[in-house]
$ cat run.pdb   # PDB, C-alpha atoms, pLDDT in the B column
ATOM      1  CA  GLY A   5      32.044   1.419  -0.228  1.00 83.00           C
ATOM      2  CA  MET A   6      30.500   2.201   3.096  1.00 89.00           C
ATOM      3  CA  ARG A   7      30.106   0.301   6.329  1.00 86.00           C
ATOM      4  CA  PRO A   8      26.501  -0.569   7.205  1.00 86.00           C
ATOM      5  CA  SER A   9      26.668   1.765  10.227  1.00 84.00           C
ATOM      6  CA  GLU A  10      27.778   4.623   7.948  1.00 88.00           C
ATOM      7  CA  ILE A  11      24.828   4.050   5.612  1.00 90.00           C
ATOM      8  CA  LEU A  12      22.313   3.872   8.456  1.00 88.00           C
ATOM      9  CA  ASN A  13      23.572   7.082  10.009  1.00 88.00           C
ATOM     10  CA  LEU A  14      23.435   9.286   6.908  1.00 92.00           C
ATOM     11  CA  THR A  15      21.456  12.487   7.466  1.00 92.00           C
ATOM     12  CA  LYS A  16      20.181  15.343   5.330  1.00 93.00           C
ATOM     13  CA  ASN A  17      23.443  17.130   6.227  1.00 93.00           C
ATOM     14  CA  THR A  18      25.615  14.348   4.772  1.00 94.00           C
ATOM     15  CA  ILE A  19      23.573  13.595   1.620  1.00 96.00           C
ATOM     16  CA  HIS A  20      24.351  16.042  -1.205  1.00 97.00           C
ATOM     17  CA  LEU A  21      22.077  15.618  -4.228  1.00 97.00           C
ATOM     18  CA  GLY A  22      22.799  18.847  -6.128  1.00 94.00           C
ATOM     19  CA  GLY A  23      25.490  19.142  -8.794  1.00 95.00           C
ATOM     20  CA  SER A  24      27.631  16.025  -8.632  1.00 96.00           C
ATOM     21  CA  PRO A  25      25.727  13.976  -6.034  1.00 98.00           C
ATOM     22  CA  TYR A  26      27.683  12.429  -3.165  1.00 98.00           C
ATOM     23  CA  VAL A  27      27.470  11.485   0.497  1.00 97.00           C
ATOM     24  CA  SER A  28      29.893  12.636   3.164  1.00 94.00           C
ATOM     25  CA  VAL A  29      30.971  10.079   5.707  1.00 91.00           C
ATOM     26  CA  ALA A  30      31.519  12.374   8.671  1.00 81.00           C
ATOM     27  CA  PRO A  31      31.383  11.884  12.438  1.00 75.00           C
ATOM     28  CA  GLU A  32      28.440  14.281  13.026  1.00 72.00           C
ATOM     29  CA  GLY A  33      28.554  13.814  16.796  1.00 71.00           C
ATOM     30  CA  ARG A  34      30.195  10.407  16.528  1.00 71.00           C
ATOM     31  CA  ILE A  35      33.753   9.115  16.472  1.00 74.00           C
ATOM     32  CA  THR A  36      35.035   7.713  13.193  1.00 75.00           C
ATOM     33  CA  LYS A  37      36.640   4.280  13.180  1.00 75.00           C
ATOM     34  CA  THR A  38      39.896   5.566  11.633  1.00 79.00           C
ATOM     35  CA  ASP A  39      41.270   8.910  10.457  1.00 77.00           C
ATOM     36  CA  ASP A  40      40.685   7.796   6.868  1.00 83.00           C
ATOM     37  CA  SER A  41      37.022   7.038   7.586  1.00 86.00           C
ATOM     38  CA  GLU A  42      36.002  10.628   6.816  1.00 90.00           C
ATOM     39  CA  ARG A  43      35.448  10.749   3.070  1.00 94.00           C
ATOM     40  CA  ASP A  44      33.114  11.769   0.269  1.00 95.00           C
ATOM     41  CA  ILE A  45      31.579   9.030  -1.862  1.00 96.00           C
ATOM     42  CA  PRO A  46      29.968   9.778  -5.252  1.00 97.00           C
ATOM     43  CA  LEU A  47      26.388   8.648  -5.731  1.00 97.00           C
ATOM     44  CA  VAL A  48      25.601   6.770  -8.946  1.00 97.00           C
ATOM     45  CA  GLY A  49      23.106   4.167 -10.108  1.00 97.00           C
ATOM     46  CA  VAL A  50      21.014   2.460  -7.445  1.00 96.00           C
ATOM     47  CA  ALA A  51      22.769   4.373  -4.639  1.00 95.00           C
ATOM     48  CA  LEU A  52      21.754   7.687  -6.213  1.00 97.00           C
ATOM     49  CA  ALA A  53      18.160   6.480  -6.680  1.00 97.00           C
ATOM     50  CA  ALA A  54      18.027   5.331  -3.030  1.00 96.00           C
ATOM     51  CA  MET A  55      19.312   8.660  -1.718  1.00 97.00           C
ATOM     52  CA  ALA A  56      16.964  10.615  -4.011  1.00 97.00           C
ATOM     53  CA  LYS A  57      14.062   8.662  -2.441  1.00 97.00           C
ATOM     54  CA  ASN A  58      15.495   9.124   1.061  1.00 97.00           C
ATOM     55  CA  PRO A  59      17.142  12.575   1.134  1.00 97.00           C
ATOM     56  CA  SER A  60      17.102  12.580   4.937  1.00 96.00           C
ATOM     57  CA  GLY A  61      18.693   9.140   5.187  1.00 94.00           C
ATOM     58  CA  PHE A  62      17.047   6.322   7.095  1.00 91.00           C
ATOM     59  CA  PRO A  63      15.901   7.782  10.442  1.00 90.00           C
ATOM     60  CA  ALA A  64      14.001   4.644  11.487  1.00 88.00           C
ATOM     61  CA  ALA A  65      17.230   2.625  11.261  1.00 83.00           C
ATOM     62  CA  ARG A  66      19.592   5.247  12.692  1.00 83.00           C
ATOM     63  CA  ASP A  67      21.876   3.898  15.437  1.00 80.00           C
ATOM     64  CA  ARG A  68      20.693   0.315  14.794  1.00 80.00           C
ATOM     65  CA  ALA A  69      23.829  -0.972  13.069  1.00 78.00           C
ATOM     66  CA  ASP A  70      24.124  -3.851  15.543  1.00 78.00           C
ATOM     67  CA  ASN A  71      20.882  -5.318  14.221  1.00 82.00           C
ATOM     68  CA  ILE A  72      21.331  -4.679  10.498  1.00 82.00           C
ATOM     69  CA  SER A  73      23.243  -7.885   9.647  1.00 81.00           C
ATOM     70  CA  GLN A  74      20.582 -10.036  11.274  1.00 85.00           C
ATOM     71  CA  GLU A  75      17.786  -8.135   9.541  1.00 85.00           C
ATOM     72  CA  ILE A  76      19.495  -8.435   6.143  1.00 85.00           C
ATOM     73  CA  ASN A  77      20.054 -12.176   6.604  1.00 89.00           C
ATOM     74  CA  ASN A  78      16.417 -12.679   7.657  1.00 92.00           C
ATOM     75  CA  TYR A  79      15.240 -10.781   4.566  1.00 93.00           C
ATOM     76  CA  TRP A  80      17.461 -12.840   2.257  1.00 93.00           C
ATOM     77  CA  LEU A  81      16.235 -16.072   3.852  1.00 95.00           C
ATOM     78  CA  ALA A  82      12.552 -15.072   3.636  1.00 96.00           C
ATOM     79  CA  SER A  83      13.001 -13.964   0.012  1.00 96.00           C
ATOM     80  CA  GLY A  84      14.765 -17.151  -1.045  1.00 95.00           C
ATOM     81  CA  LEU A  85      17.948 -15.238  -1.832  1.00 92.00           C
ATOM     82  CA  ARG A  86      20.174 -17.338   0.401  1.00 83.00           C
TER      83      ARG A  86
END

$ encode --input "run.pdb" --output "C-alpha coordinates"
Amino acid sequence: GMRPSEILNLTKNTIHLGGSPYVSVAPEGRITKTDDSERDIPLVGVALAAMAKNPSGFPAARDRADNISQEINNYWLASGLR
(Lines of atoms letter the chains of each structure in order from A and count residues from 1; the text may use other names and numbers.)
(Lines give C-alpha, C1' and ligand atoms only; values in the text may rest on other atoms or scores of the structure.)
Protein backbone atom coordinates (compact mmCIF):
# COMPACT_ATOMS: atom_id res chain seq x y z
CA GLY A 1 0.00 0.00 0.00
CA MET A 2 0.84 3.64 -0.28
CA ARG A 3 0.14 6.68 1.84
CA PRO A 4 -2.18 9.23 0.22
CA SER A 5 0.69 11.74 0.05
CA GLU A 6 2.83 9.17 -1.80
CA ILE A 7 0.09 8.60 -4.38
CA LEU A 8 -0.49 12.31 -4.93
CA ASN A 9 3.19 13.00 -5.43
CA LEU A 10 3.89 10.33 -8.06
CA THR A 11 5.55 11.75 -11.18
CA LYS A 12 6.46 10.47 -14.63
CA ASN A 13 9.88 9.62 -13.13
CA THR A 14 8.37 7.33 -10.47
CA ILE A 15 5.72 5.60 -12.63
CA HIS A 16 7.18 2.72 -14.66
CA LEU A 17 4.70 1.22 -17.13
CA GLY A 18 7.04 -0.84 -19.33
CA GLY A 19 7.86 -4.49 -18.67
CA SER A 20 6.58 -5.36 -15.21
CA PRO A 21 4.77 -2.13 -14.28
CA TYR A 22 5.47 -0.57 -10.89
CA VAL A 23 5.76 2.74 -9.06
CA SER A 24 8.78 3.85 -7.08
CA VAL A 25 8.12 5.57 -3.79
CA ALA A 26 11.15 7.84 -3.69
CA PRO A 27 11.87 11.20 -2.05
CA GLU A 28 12.39 13.12 -5.33
CA GLY A 29 13.26 16.35 -3.53
CA ARG A 30 11.35 15.36 -0.41
CA ILE A 31 12.19 13.58 2.82
CA THR A 32 10.74 10.12 3.32
CA LYS A 33 8.87 9.37 6.53
CA THR A 34 11.12 6.40 7.41
CA ASP A 35 14.12 4.65 5.86
CA ASP A 36 11.81 1.83 4.77
CA SER A 37 9.51 4.27 2.97
CA GLU A 38 11.56 4.05 -0.23
CA ARG A 39 10.19 1.06 -2.11
CA ASP A 40 8.89 -0.24 -5.42
CA ILE A 41 5.25 -1.30 -5.61
CA PRO A 42 3.94 -3.47 -8.48
CA LEU A 43 1.00 -2.11 -10.44
CA VAL A 44 -1.90 -4.49 -11.06
CA GLY A 45 -5.64 -4.24 -11.63
CA VAL A 46 -7.26 -0.87 -11.02
CA ALA A 47 -3.94 0.68 -9.91
CA LEU A 48 -2.35 -0.24 -13.24
CA ALA A 49 -5.35 1.14 -15.17
CA ALA A 50 -5.19 4.40 -13.16
CA MET A 51 -1.47 4.86 -13.82
CA ALA A 52 -1.89 4.00 -17.51
CA LYS A 53 -4.47 6.82 -17.73
CA ASN A 54 -2.26 9.16 -15.68
CA PRO A 55 1.36 8.36 -16.63
CA SER A 56 2.53 11.69 -15.22
CA GLY A 57 0.73 11.17 -11.91
CA PHE A 58 -1.77 13.68 -10.59
CA PRO A 59 -0.18 17.14 -11.01
CA ALA A 60 -3.33 19.03 -10.00
CA ALA A 61 -3.29 17.27 -6.61
CA ARG A 62 0.47 17.32 -6.04
CA ASP A 63 1.47 18.60 -2.59
CA ARG A 64 -2.18 18.68 -1.45
CA ALA A 65 -2.08 15.65 0.85
CA ASP A 66 -3.42 17.70 3.76
CA ASN A 67 -6.71 18.17 1.92
CA ILE A 68 -7.13 14.70 0.42
CA SER A 69 -8.92 13.06 3.38
CA GLN A 70 -11.51 15.82 3.48
CA GLU A 71 -12.03 15.66 -0.28
CA ILE A 72 -12.42 11.86 -0.21
CA ASN A 73 -14.94 12.04 2.65
CA ASN A 74 -16.93 14.76 0.84
CA TYR A 75 -17.02 12.62 -2.31
CA TRP A 76 -18.19 9.55 -0.39
CA LEU A 77 -20.89 11.59 1.35
CA ALA A 78 -22.11 13.20 -1.90
CA SER A 79 -22.13 9.81 -3.65
CA GLY A 80 -24.05 8.06 -0.87
CA LEU A 81 -21.10 5.78 -0.14
CA ARG A 82 -20.89 6.66 3.53

$ closest_residue --input "run.pdb" --among "A:Thr38, A:Asn58, A:Ser24, A:Asn71" --to "A:Ser9" --atoms "all atoms listed in the file"
A:Asn71

$ resolve_selection --input "run.pdb" --expression "the PyMOL selection byres ((chain A and resi 46-57) around 7)" --output "count of residues only"
8

$ closest_residue --input "run.pdb" --among "A:Asn77, A:Val29, A:Asp39, A:His20" --to "A:Arg7" --atoms "all atoms listed in the file"
A:Val29

$ resolve_selection --input "run.pdb" --expression "the PyMOL selection byres ((chain A and resi 11) around 10)" --output "mmCIF file with C-alpha atoms, keeping the file's coordinate frame"
data_model
loop_
_atom_site.group_PDB
_atom_site.id
_atom_site.type_symbol
_atom_site.label_atom_id
_atom_site.label_comp_id
_atom_site.auth_asym_id
_atom_site.auth_seq_id
_atom_site.Cartn_x
_atom_site.Cartn_y
_atom_site.Cartn_z
ATOM 1 C CA GLY A 5 32.044 1.419 -0.228
ATOM 2 C CA MET A 6 30.500 2.201 3.096
ATOM 3 C CA ARG A 7 30.106 0.301 6.329
ATOM 4 C CA PRO A 8 26.501 -0.569 7.205
ATOM 5 C CA SER A 9 26.668 1.765 10.227
ATOM 6 C CA GLU A 10 27.778 4.623 7.948
ATOM 7 C CA LEU A 12 22.313 3.872 8.456
ATOM 8 C CA ASN A 13 23.572 7.082 10.009
ATOM 9 C CA LEU A 14 23.435 9.286 6.908
ATOM 10 C CA THR A 15 21.456 12.487 7.466
ATOM 11 C CA VAL A 27 27.470 11.485 0.497
ATOM 12 C CA VAL A 29 30.971 10.079 5.707
ATOM 13 C CA GLY A 61 18.693 9.140 5.187
ATOM 14 C CA PHE A 62 17.047 6.322 7.095
ATOM 15 C CA ALA A 65 17.230 2.625 11.261
ATOM 16 C CA ARG A 66 19.592 5.247 12.692
ATOM 17 C CA ALA A 69 23.829 -0.972 13.069
#

$ atom_distance --input "run.pdb" --atom1 "atom CA of A:Thr18" --atom2 "atom CA of A:Ala30"
7.3 Å

$ axis_aligned_box --input "run.pdb" --around "stretch 66-72 of chain A" --padding-each-side "6 Å" --output "JSON"
{"center_x": 21.9, "center_y": 0.0, "center_z": 13.0, "size_x": 16.5, "size_y": 22.6, "size_z": 17.0}

$ atom_distance --input "run.pdb" --atom1 "atom CA of A:Lys16" --atom2 "atom CA of A:Glu32"
11.3 Å

$ atom_distance --input "run.pdb" --atom1 "atom CA of A:Asp67" --atom2 "atom CA of A:Arg34"
10.6 Å

$ build_atoms --input "run.pdb" --residues "stretch 15-27 of chain A" --atoms "N, CA, C and O atoms" --output "short mmCIF file (atom, residue, chain, number, x, y, z; two decimals), in the frame of the given file"
data_model
loop_
_atom_site.label_atom_id
_atom_site.label_comp_id
_atom_site.auth_asym_id
_atom_site.auth_seq_id
_atom_site.Cartn_x
_atom_site.Cartn_y
_atom_site.Cartn_z
N THR A 15 22.49 11.50 7.15
CA THR A 15 21.46 12.49 7.47
C THR A 15 21.32 13.46 6.30
O THR A 15 22.12 13.43 5.36
N LYS A 16 20.35 14.35 6.39
CA LYS A 16 20.18 15.34 5.33
C LYS A 16 21.42 16.24 5.21
O LYS A 16 21.67 16.81 4.16
N ASN A 17 22.22 16.33 6.28
CA ASN A 17 23.44 17.13 6.23
C ASN A 17 24.59 16.42 5.53
O ASN A 17 25.57 17.05 5.14
N THR A 18 24.52 15.10 5.38
CA THR A 18 25.62 14.35 4.77
C THR A 18 25.26 13.81 3.39
O THR A 18 26.10 13.23 2.73
N ILE A 19 24.02 14.02 2.95
CA ILE A 19 23.57 13.60 1.62
C ILE A 19 23.49 14.85 0.75
O ILE A 19 22.75 15.78 1.06
N HIS A 20 24.27 14.87 -0.33
CA HIS A 20 24.35 16.04 -1.20
C HIS A 20 23.88 15.63 -2.60
O HIS A 20 24.60 14.93 -3.31
N LEU A 21 22.67 16.06 -2.96
CA LEU A 21 22.08 15.62 -4.23
C LEU A 21 22.23 16.62 -5.37
O LEU A 21 22.00 16.28 -6.52
N GLY A 22 22.63 17.85 -5.08
CA GLY A 22 22.80 18.85 -6.13
C GLY A 22 24.14 18.71 -6.83
O GLY A 22 25.09 18.15 -6.29
N GLY A 23 24.23 19.20 -8.06
CA GLY A 23 25.49 19.14 -8.79
C GLY A 23 25.94 17.71 -9.01
O GLY A 23 25.20 16.90 -9.55
N SER A 24 27.14 17.40 -8.59
CA SER A 24 27.63 16.02 -8.63
C SER A 24 27.26 15.37 -7.31
O SER A 24 27.88 15.64 -6.28
N PRO A 25 26.23 14.52 -7.29
CA PRO A 25 25.73 13.98 -6.03
C PRO A 25 26.75 13.08 -5.31
O PRO A 25 27.47 12.32 -5.94
N TYR A 26 26.78 13.23 -3.99
CA TYR A 26 27.68 12.43 -3.16
C TYR A 26 27.17 12.40 -1.73
O TYR A 26 26.28 13.17 -1.37
N VAL A 27 27.72 11.50 -0.94
CA VAL A 27 27.47 11.48 0.50
C VAL A 27 28.79 11.72 1.20
O VAL A 27 29.86 11.32 0.72
#
